[in-house]
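*Asks:* So here's entry_9.csv (CSV, C-alpha atoms).
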```
chain,number,residue,atom,x,y,z
A,137,MET,CA,0.0,0.0,0.0
A,138,LYS,CA,2.9,2.4,0.6
A,139,LYS,CA,3.8,2.1,-3.1
A,140,THR,CA,0.5,3.8,-3.9
A,141,GLY,CA,1.5,6.8,-1.8
A,142,LEU,CA,-0.6,6.0,1.2
A,143,LYS,CA,1.0,6.7,4.6
A,144,ALA,CA,0.7,3.2,6.1
A,145,ARG,CA,2.6,1.4,8.7
A,146,ILE,CA,2.5,-1.9,10.7
A,147,SER,CA,1.9,-1.5,14.4
A,148,SER,CA,1.3,-3.7,17.4
A,149,SER,CA,-1.2,-1.3,19.0
A,150,LEU,CA,-4.2,0.8,18.0
A,151,SER,CA,-3.7,4.5,17.5
A,152,PHE,CA,-6.1,7.4,18.3
A,153,GLU,CA,-4.4,9.6,15.7
A,154,GLN,CA,-4.9,7.3,12.6
A,155,ILE,CA,-7.2,5.0,10.8
A,156,ASN,CA,-6.7,1.5,12.3
A,157,LEU,CA,-7.1,-1.6,10.2
A,158,THR,CA,-7.0,-5.0,12.0
A,159,HIS,CA,-8.4,-8.5,12.0
A,160,VAL,CA,-11.5,-8.8,14.1
A,161,ARG,CA,-9.9,-11.6,16.1
A,162,THR,CA,-7.1,-9.3,17.3
A,163,VAL,CA,-9.7,-6.8,18.7
A,164,SER,CA,-11.8,-9.6,20.2
A,165,GLU,CA,-8.8,-10.9,22.2
A,166,MET,CA,-7.7,-7.5,23.5
A,167,LYS,CA,-8.5,-6.9,27.2
A,168,VAL,CA,-8.5,-3.2,26.7
A,169,VAL,CA,-9.5,-1.5,23.5
A,170,PRO,CA,-8.6,2.2,23.3
A,171,PRO,CA,-11.0,4.6,21.6
A,172,CYS,CA,-10.0,5.0,18.0
A,173,PHE,CA,-11.3,4.9,14.4
A,174,LEU,CA,-11.4,1.2,13.7
A,175,ILE,CA,-11.8,-0.9,10.6
A,176,THR,CA,-12.0,-4.7,11.1
A,177,CYS,CA,-11.3,-7.4,8.6
A,178,LEU,CA,-14.0,-9.9,9.3
A,179,ALA,CA,-12.7,-12.7,7.1
A,180,ASP,CA,-14.9,-15.8,7.8
A,181,TRP,CA,-15.6,-14.9,11.4
A,182,THR,CA,-19.2,-14.2,12.6
A,183,THR,CA,-18.3,-12.0,15.6
A,184,ARG,CA,-18.4,-8.3,14.9
A,185,VAL,CA,-17.3,-5.7,17.4
A,186,PRO,CA,-20.1,-3.1,17.7
A,187,PHE,CA,-17.8,-0.1,18.2
A,188,ARG,CA,-15.9,-0.6,14.9
A,189,HIS,CA,-16.7,1.9,12.1
A,190,LEU,CA,-16.6,-0.5,9.2
A,191,ASP,CA,-16.1,-4.2,8.4
A,192,VAL,CA,-14.1,-5.4,5.4
A,193,VAL,CA,-15.6,-8.8,4.3
A,194,GLN,CA,-14.5,-11.4,1.8
A,195,ASN,CA,-17.9,-12.9,0.9
A,196,GLN,CA,-20.6,-10.6,-0.7
A,197,LEU,CA,-23.3,-12.2,1.5
A,198,GLN,CA,-21.6,-10.5,4.5
A,199,ALA,CA,-21.7,-7.0,2.9
A,200,GLY,CA,-24.1,-4.4,4.1
A,201,PRO,CA,-24.4,-0.8,5.3
A,202,SER,CA,-21.4,-1.1,7.6
A,203,ALA,CA,-19.5,-3.8,5.7
A,204,VAL,CA,-17.8,-3.5,2.4
A,205,TRP,CA,-16.6,-6.4,0.2
A,206,ILE,CA,-13.0,-6.6,-0.9
A,207,PRO,CA,-11.6,-9.9,-2.1
A,208,HIS,CA,-8.6,-11.3,-0.2
A,209,TRP,CA,-5.1,-10.7,-1.5
A,210,PRO,CA,-3.9,-13.4,-3.9
A,211,GLN,CA,-1.6,-16.1,-2.6
A,212,ALA,CA,1.9,-14.6,-2.0
A,213,GLY,CA,4.7,-16.1,-4.0
A,214,LEU,CA,2.3,-18.1,-6.2
A,215,LEU,CA,4.0,-20.6,-8.5
A,216,PRO,CA,1.8,-21.2,-11.6
A,217,ARG,CA,1.5,-24.5,-13.4
A,218,ALA,CA,4.7,-25.4,-15.3
A,219,HIS,CA,4.4,-24.8,-19.0
A,220,ASP,CA,5.8,-28.3,-19.9
A,221,ARG,CA,2.8,-30.1,-18.3
A,222,ALA,CA,0.6,-31.2,-21.1
A,223,GLU,CA,-1.8,-33.8,-19.6
A,224,VAL,CA,-4.2,-34.0,-16.7
A,225,ARG,CA,-2.3,-36.3,-14.3
A,226,ARG,CA,-2.6,-34.6,-10.9
A,227,ALA,CA,-5.3,-32.8,-9.0
A,228,GLY,CA,-4.4,-30.8,-5.9
A,229,PHE,CA,-6.3,-29.5,-2.8
A,230,LEU,CA,-4.5,-26.6,-1.2
A,231,GLY,CA,-6.0,-25.9,2.2
A,232,ARG,CA,-7.2,-27.5,5.4
A,233,VAL,CA,-8.9,-30.9,5.3
A,234,ASP,CA,-12.2,-30.9,7.2
A,235,ASN,CA,-13.3,-34.5,6.4
A,236,GLU,CA,-10.6,-37.1,6.0
A,237,THR,CA,-13.0,-39.9,5.0
A,238,GLU,CA,-14.4,-38.0,2.0
A,239,PHE,CA,-10.9,-36.9,0.9
A,240,LYS,CA,-9.7,-40.5,1.0
A,241,ARG,CA,-12.7,-41.6,-1.1
A,242,ILE,CA,-12.1,-39.0,-3.7
A,243,GLY,CA,-8.4,-39.8,-3.8
A,244,GLU,CA,-9.1,-43.5,-4.2
A,245,ARG,CA,-11.5,-42.9,-7.1
A,246,LEU,CA,-9.1,-40.6,-8.9
A,247,ARG,CA,-6.2,-43.0,-8.5
A,248,VAL,CA,-8.3,-45.8,-10.0
A,249,ASN,CA,-8.8,-43.6,-13.0
A,250,GLY,CA,-5.1,-42.8,-13.3
A,251,ILE,CA,-5.1,-39.4,-11.6
A,252,ASP,CA,-3.0,-38.5,-8.6
A,253,PHE,CA,-4.6,-36.5,-5.8
A,254,ILE,CA,-2.5,-34.5,-3.3
A,255,VAL,CA,-3.2,-32.3,-0.4
A,256,ARG,CA,-0.9,-29.4,0.3
A,257,GLY,CA,-0.7,-27.7,3.7
A,258,GLU,CA,-0.1,-24.0,4.5
A,259,GLU,CA,3.6,-24.1,3.8
A,260,THR,CA,3.1,-25.0,0.2
A,261,TRP,CA,-0.3,-23.4,-0.6
A,262,ASN,CA,1.5,-21.3,-3.2
A,263,ASN,CA,2.8,-24.2,-5.3
A,264,PHE,CA,0.7,-25.0,-8.4
A,265,SER,CA,3.7,-25.8,-10.5
A,266,ASP,CA,3.2,-29.6,-10.6
A,267,LEU,CA,-0.7,-29.5,-10.6
A,268,ASP,CA,-3.0,-29.8,-13.5
A,269,LEU,CA,-6.1,-28.6,-11.7
A,270,SER,CA,-7.1,-27.3,-8.3
A,271,LEU,CA,-10.0,-28.4,-6.1
A,272,SER,CA,-12.1,-26.9,-3.3
A,273,LEU,CA,-13.8,-29.4,-1.1
A,274,ARG,CA,-15.6,-28.2,2.0
A,275,PHE,CA,-17.7,-30.6,4.0
A,276,MET,CA,-19.2,-28.2,6.6
A,277,ALA,CA,-22.5,-26.6,7.6
A,278,PRO,CA,-24.0,-24.3,5.0
A,279,TYR,CA,-23.9,-21.3,7.4
A,280,ARG,CA,-20.2,-21.6,7.6
A,281,ILE,CA,-19.7,-22.0,3.8
A,282,ARG,CA,-21.7,-18.7,3.3
A,283,ARG,CA,-18.8,-16.9,5.0
A,284,LYS,CA,-16.0,-18.4,3.0
A,285,PRO,CA,-14.1,-16.3,0.5
A,286,PRO,CA,-13.5,-17.1,-3.2
A,287,THR,CA,-9.7,-17.1,-2.7
A,288,LYS,CA,-9.1,-20.7,-4.0
A,289,LEU,CA,-10.8,-19.8,-7.3
A,290,ILE,CA,-8.8,-16.6,-7.7
A,291,ASN,CA,-5.5,-18.4,-7.0
A,292,ALA,CA,-6.4,-21.1,-9.6
A,293,TRP,CA,-7.1,-18.4,-12.2
A,294,LEU,CA,-3.8,-16.8,-11.5
A,295,ALA,CA,-2.0,-20.2,-11.5
A,296,GLY,CA,-3.4,-21.1,-14.9
A,297,VAL,CA,-5.2,-24.3,-13.8
A,298,PRO,CA,-8.9,-25.3,-14.0
A,299,PHE,CA,-10.8,-25.1,-10.8
A,300,VAL,CA,-13.3,-27.8,-9.7
A,301,ALA,CA,-15.4,-27.2,-6.6
A,302,LEU,CA,-18.2,-28.3,-4.4
A,303,ASP,CA,-20.0,-25.1,-5.2
A,304,GLU,CA,-20.2,-22.2,-2.8
A,305,PRO,CA,-21.8,-18.8,-2.9
A,306,ALA,CA,-18.4,-17.1,-3.1
A,307,PHE,CA,-17.5,-18.8,-6.3
A,308,GLU,CA,-20.9,-18.0,-7.9
A,309,GLN,CA,-20.4,-14.4,-6.9
A,310,ILE,CA,-17.3,-13.8,-9.0
A,311,GLY,CA,-17.2,-16.8,-11.4
A,312,CYS,CA,-19.3,-18.3,-14.1
A,313,ASN,CA,-20.0,-22.0,-13.6
A,314,GLY,CA,-19.1,-23.9,-16.8
A,315,GLN,CA,-17.1,-21.0,-18.2
A,316,ASP,CA,-14.2,-20.2,-15.9
A,317,TYR,CA,-14.7,-23.0,-13.3
A,318,LEU,CA,-16.7,-26.2,-12.7
A,319,GLY,CA,-19.0,-26.2,-9.7
A,320,VAL,CA,-20.6,-29.5,-8.7
A,321,ARG,CA,-22.9,-30.7,-5.9
A,322,THR,CA,-21.4,-34.1,-4.8
A,323,PRO,CA,-18.0,-35.7,-4.3
A,324,GLU,CA,-18.9,-38.1,-7.1
A,325,GLU,CA,-19.5,-35.2,-9.5
A,326,VAL,CA,-16.1,-33.8,-8.5
A,327,VAL,CA,-14.4,-37.0,-9.8
A,328,GLU,CA,-16.6,-37.0,-12.9
A,329,ALA,CA,-15.6,-33.3,-13.7
A,330,ILE,CA,-11.9,-34.1,-13.3
A,331,ILE,CA,-12.2,-37.0,-15.7
A,332,ALA,CA,-14.1,-34.9,-18.1
A,333,LEU,CA,-11.3,-32.3,-18.1
A,334,ARG,CA,-8.8,-35.0,-18.9
A,335,GLU,CA,-10.9,-36.4,-21.8
A,336,ASN,CA,-11.9,-33.0,-23.2
A,337,PRO,CA,-8.8,-30.7,-23.9
A,338,GLU,CA,-11.0,-28.0,-25.4
A,339,LEU,CA,-12.9,-27.7,-22.1
A,340,TYR,CA,-9.6,-27.6,-20.2
A,341,ARG,CA,-8.2,-24.8,-22.4
A,342,MET,CA,-11.5,-22.8,-22.3
A,343,LEU,CA,-11.5,-22.8,-18.5
A,344,VAL,CA,-7.8,-21.8,-18.3
A,345,GLU,CA,-8.2,-19.0,-20.9
A,346,ASN,CA,-11.4,-17.6,-19.3
A,347,GLY,CA,-9.8,-17.8,-15.9
A,348,ARG,CA,-6.8,-15.8,-17.0
A,349,LYS,CA,-9.1,-13.1,-18.3
A,350,LYS,CA,-10.9,-13.0,-15.0
A,351,ALA,CA,-7.7,-13.1,-13.0
A,352,VAL,CA,-6.7,-9.5,-13.9
A,353,GLU,CA,-9.8,-8.3,-11.9
A,354,TYR,CA,-8.4,-9.9,-8.7
A,355,ASP,CA,-4.6,-9.8,-8.9
A,356,TRP,CA,-2.4,-7.8,-6.7
A,357,LYS,CA,-2.8,-4.6,-8.7
A,358,ALA,CA,-6.6,-4.8,-8.8
A,359,THR,CA,-6.8,-5.6,-5.1
A,360,THR,CA,-4.5,-2.7,-4.2
A,361,GLN,CA,-6.7,-0.4,-6.3
A,362,ARG,CA,-9.8,-1.5,-4.4
A,363,TRP,CA,-8.1,-0.8,-1.1
A,364,THR,CA,-6.9,2.6,-2.3
A,365,GLU,CA,-10.4,3.6,-3.5
A,366,LEU,CA,-11.8,2.6,-0.1
A,367,LEU,CA,-9.2,4.3,2.0
A,368,GLU,CA,-9.2,7.5,-0.1
A,369,GLY,CA,-12.9,7.6,-0.7
A,370,PRO,CA,-15.9,6.9,1.6
A,371,LEU,CA,-13.6,5.8,4.4
A,372,ARG,CA,-11.7,9.0,4.4
A,373,GLU,CA,-14.9,11.0,4.5
A,374,ARG,CA,-16.1,8.9,7.5
A,375,TYR,CA,-12.8,9.4,9.3
A,376,GLU,CA,-13.0,13.2,8.8
A,377,LEU,CA,-16.5,13.1,10.3
A,378,TRP,CA,-15.2,11.2,13.3
A,379,LYS,CA,-12.5,13.8,13.9
A,380,ARG,CA,-15.1,16.7,13.7
A,381,ARG,CA,-17.4,15.3,16.4
A,382,PRO,CA,-15.1,14.0,19.2
A,383,LEU,CA,-17.8,14.1,21.9
A,384,PHE,CA,-20.3,12.1,20.0
A,385,GLU,CA,-17.8,9.5,19.0
A,386,ALA,CA,-16.4,9.2,22.5
A,387,VAL,CA,-19.9,8.6,23.9
A,388,ARG,CA,-20.7,6.1,21.0
A,389,PHE,CA,-17.5,4.2,21.8
A,390,ARG,CA,-18.1,4.0,25.5
A,391,LEU,CA,-21.7,2.8,25.2
A,392,LEU,CA,-20.9,0.2,22.5
A,393,HIS,CA,-17.7,-1.0,24.1
A,394,ALA,CA,-19.6,-1.5,27.5
A,395,ALA,CA,-22.3,-3.5,25.7
A,396,TRP,CA,-19.7,-5.6,24.0
A,397,MET,CA,-17.8,-6.3,27.3
A,398,PHE,CA,-21.0,-7.3,29.0
A,399,TRP,CA,-21.8,-9.7,26.1
A,400,LYS,CA,-18.3,-11.2,26.3
A,401,ARG,CA,-18.7,-11.7,30.1
A,402,SER,CA,-22.1,-13.2,29.7
A,403,ILE,CA,-20.9,-15.7,27.1
A,404,LYS,CA,-18.0,-16.7,29.4
A,405,VAL,CA,-20.3,-17.2,32.4
A,406,PHE,CA,-22.7,-19.2,30.3
A,407,ALA,CA,-20.0,-21.4,28.9
A,408,HIS,CA,-18.6,-22.0,32.5
A,409,HIS,CA,-22.1,-22.9,33.7
A,410,VAL,CA,-22.6,-25.4,30.9
A,411,HIS,CA,-19.3,-27.0,31.5
A,412,HIS,CA,-19.9,-27.6,35.2
A,413,THR,CA,-23.5,-28.7,34.5
A,414,ARG,CA,-22.2,-31.4,32.1
A,415,ALA,CA,-19.5,-32.4,34.5
```
Represent the structure of the file as structure tokens.
*Replies:*
Amino acid sequence: MKKTGLKARISSSLSFEQINLTHVRTVSEMKVVPPCFLITCLADWTTRVPFRHLDVVQNQLQAGPSAVWIPHWPQAGLLPRAHDRAEVRRAGFLGRVDNETEFKRIGERLRVNGIDFIVRGEETWNNFSDLDLSLSLRFMAPYRIRRKPPTKLINAWLAGVPFVALDEPAFEQIGCNGQDYLGVRTPEEVVEAIIALRENPELYRMLVENGRKKAVEYDWKATTQRWTELLEGPLRERYELWKRRPLFEAVRFRLLHAAWMFWKRSIKVFAHHVHHTRA
């Protein structure tokens, strides 16, 4: 962000003198929150701190009057698919496994059909070089999926590989199923889609080409531009308003912060009571 001319710095504390941007979890874990102009990155969390001035969200279903959607930054140090790979021989899942049984079943079915299936953890999420396509497999409650970002799809576009997913709202929001990714409903359809990509080179090429066209809307340059427009536009106006009415903002902060602290204590007491009741 500094390269755009914005005066930005990394800090371990919140400042009364500046616009503060932080993950909502950081604020939630603070014992004392000083009054300040606060922007929280909600990510896939549900907890919102009531005294913040704006949330930045990564799924459009979370957006609203006090929440603006900005897609997550692309994977840092992303390694695209190697140019010398010419066949569909390996599918990769880059993320956290939430259902080992289903992952094993998918892997076994793919291996029977001559396709390797690998899972990469956080240290190698950036490596698409030896992959021929990327997968998204979430086996969780729908309310949790509705908060997930489309980052896996964006990274696949940038890496030059087709993307096959158990469909999610986030993918539908920025992609076009059948044109720049393949969204399916069941694990069986995941395997069928991968085999179809191996058997249909034209479909494979179309997904990659359309994905590359879409990628420019979500690469580092485009994401930086979105942040710049937010920080220099509506957010700057709200910040200037905050500075012009210090008494109102101080009262607002104290009331909302007190309500938030009461809620946190109530949740803690309730959890303690439930634990001892079960014991």
*Asks:* With 8 Å as the cut-off and all atoms listed in the file counted, what is the closest atom pair between each nearby residue of stretch 149-233 of chain A and stretch 381-401 of chain A? Distances in Å to one decimal, ordered by chain and number, as a tab-separated table.
*Replies:*
```
residue	atom	partner	partner_atom	distance
A:Pro171	CA	A:Phe389	CA	6.5
A:Val185	CA	A:Trp396	CA	7.0
A:Pro186	CA	A:Leu392	CA	5.9
A:Phe187	CA	A:Leu392	CA	5.3
```
*Asks:* With distances taken over only C-alpha atoms, which residue among A:Ile251, A:Ala292, A:Val233, A:Leu271 lies nearest A:Ile331?
*Replies:*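 The shortest atom-to-atom distance to A:Ile331 comes from A:Ile251.
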*Asks:* Excluding stretch 285-290 of chain A and residues on its chain fewer than 4 positions from it, collect all residues at most 7 Å away from it, counting all atoms listed in the file, and give them as an MDAnalysis selection string.
*Replies:* chainID A and resid 194:195 208 210 272 294 299 306:307 351 354
*Asks:* Would you work out the distance separating atom CA of A:Asn262 from atom CA of A:Leu339, expressed in Å to one decimal?
*Replies:*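 So the two atoms, atom CA of A:Asn262 and atom CA of A:Leu339, lie 24.6 Å apart.
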*Asks:* Would you list the contacts of A:Arg245 as a short mmCIF file (atom, residue, chain, number, x, y, z; two decimals) with C-alpha atoms, in the frame of the given file, taking every protein, DNA or RNA residue within 9 Å and counting all atoms listed in the file, but skipping same-chain residues closer than 5 positions in sequence?
*Replies:*
```
data_model
loop_
_atom_site.label_atom_id
_atom_site.label_comp_id
_atom_site.auth_asym_id
_atom_site.auth_seq_id
_atom_site.Cartn_x
_atom_site.Cartn_y
_atom_site.Cartn_z
CA LYS A 240 -9.70 -40.50 1.00
CA GLY A 250 -5.10 -42.80 -13.30
CA ILE A 251 -5.10 -39.40 -11.60
CA GLU A 324 -18.90 -38.10 -7.10
CA VAL A 327 -14.40 -37.00 -9.80
#
```
*Asks:* For each of A:Leu150, A:Asp266, A:Gly311, A:His159, take the minimum atom-to-atom distance to A:Arg184, counting all atoms listed in the file, then give the residue where this is smallest.
*Replies:*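 Comparing A:Leu150, A:Asp266, A:Gly311, A:His159 against A:Arg184, the winner is A:His159.
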*Asks:* Which residue, A:Arg282, A:Glu236, A:Val224, A:Gln154, has the smallest gap to A:Asp180 when you use only C-alpha atoms?
*Replies:* A:Arg282
*Asks:* In the coordinate frame of the file, compute which residues have an atom within 6 Å of (-1.3, 3.6, -3.2) when using all atoms listed in the file, and state them as a list in words.
*Replies:* Met137, Lys138, Lys139, Thr140, Gly141, Leu142 and Thr364 of chain A
*Asks:* Counting all atoms listed in the file, figure out which residue out of A:Asn249, A:Leu214, A:Val300, A:Phe239 gets nearest to A:Trp261.
*Replies:*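 Going through A:Asn249, A:Leu214, A:Val300, A:Phe239 one by one, the smallest distance to A:Trp261 is for A:Leu214.
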*Asks:* Enumerate, in order of chain and increasing residue number, the residues of stretch 185-249 of chain A with an atom no farther than 12 Å from stretch 368-375 of chain A, each with its shortest atom pair and distance in Å to one decimal, counting all atoms listed in the file, as CSV.
*Replies:*
```
residue,atom,partner,partner_atom,distance
A:Arg188,CA,A:Tyr375,CA,11.9
A:His189,CA,A:Arg374,CA,8.4
A:Leu190,CA,A:Leu371,CA,8.5
A:Asp191,CA,A:Leu371,CA,11.1
A:Val192,CA,A:Leu371,CA,11.3
A:Ser202,CA,A:Leu371,CA,10.9
A:Ala203,CA,A:Leu371,CA,11.3
A:Val204,CA,A:Leu371,CA,10.4
```
*Asks:* How many Å lie between atom CA of A:Arg283 and atom CA of A:Glu238, rounded to one decimal?
*Replies:*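 Computed distance, atom CA of A:Arg283 to atom CA of A:Glu238, equals 21.8 Å.
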*Asks:* Just the number, please: distance in Å from atom CA of A:Phe173 to atom CA of A:Lys379, one decimal.
*Replies:* 9.0 Å
*Asks:* From the list A:Cys177, A:Ala301, A:Ala332, A:Ile206, which residue is nearest A:Phe275 when using only C-alpha atoms?
*Replies:* A:Ala301
*Asks:* Which of these residues is nearest to A:Pro216, using all atoms listed in the file: A:Ile330, A:Leu269, A:Leu174, A:Leu318?
*Replies:*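 The answer is A:Leu269, which sits nearest to A:Pro216.
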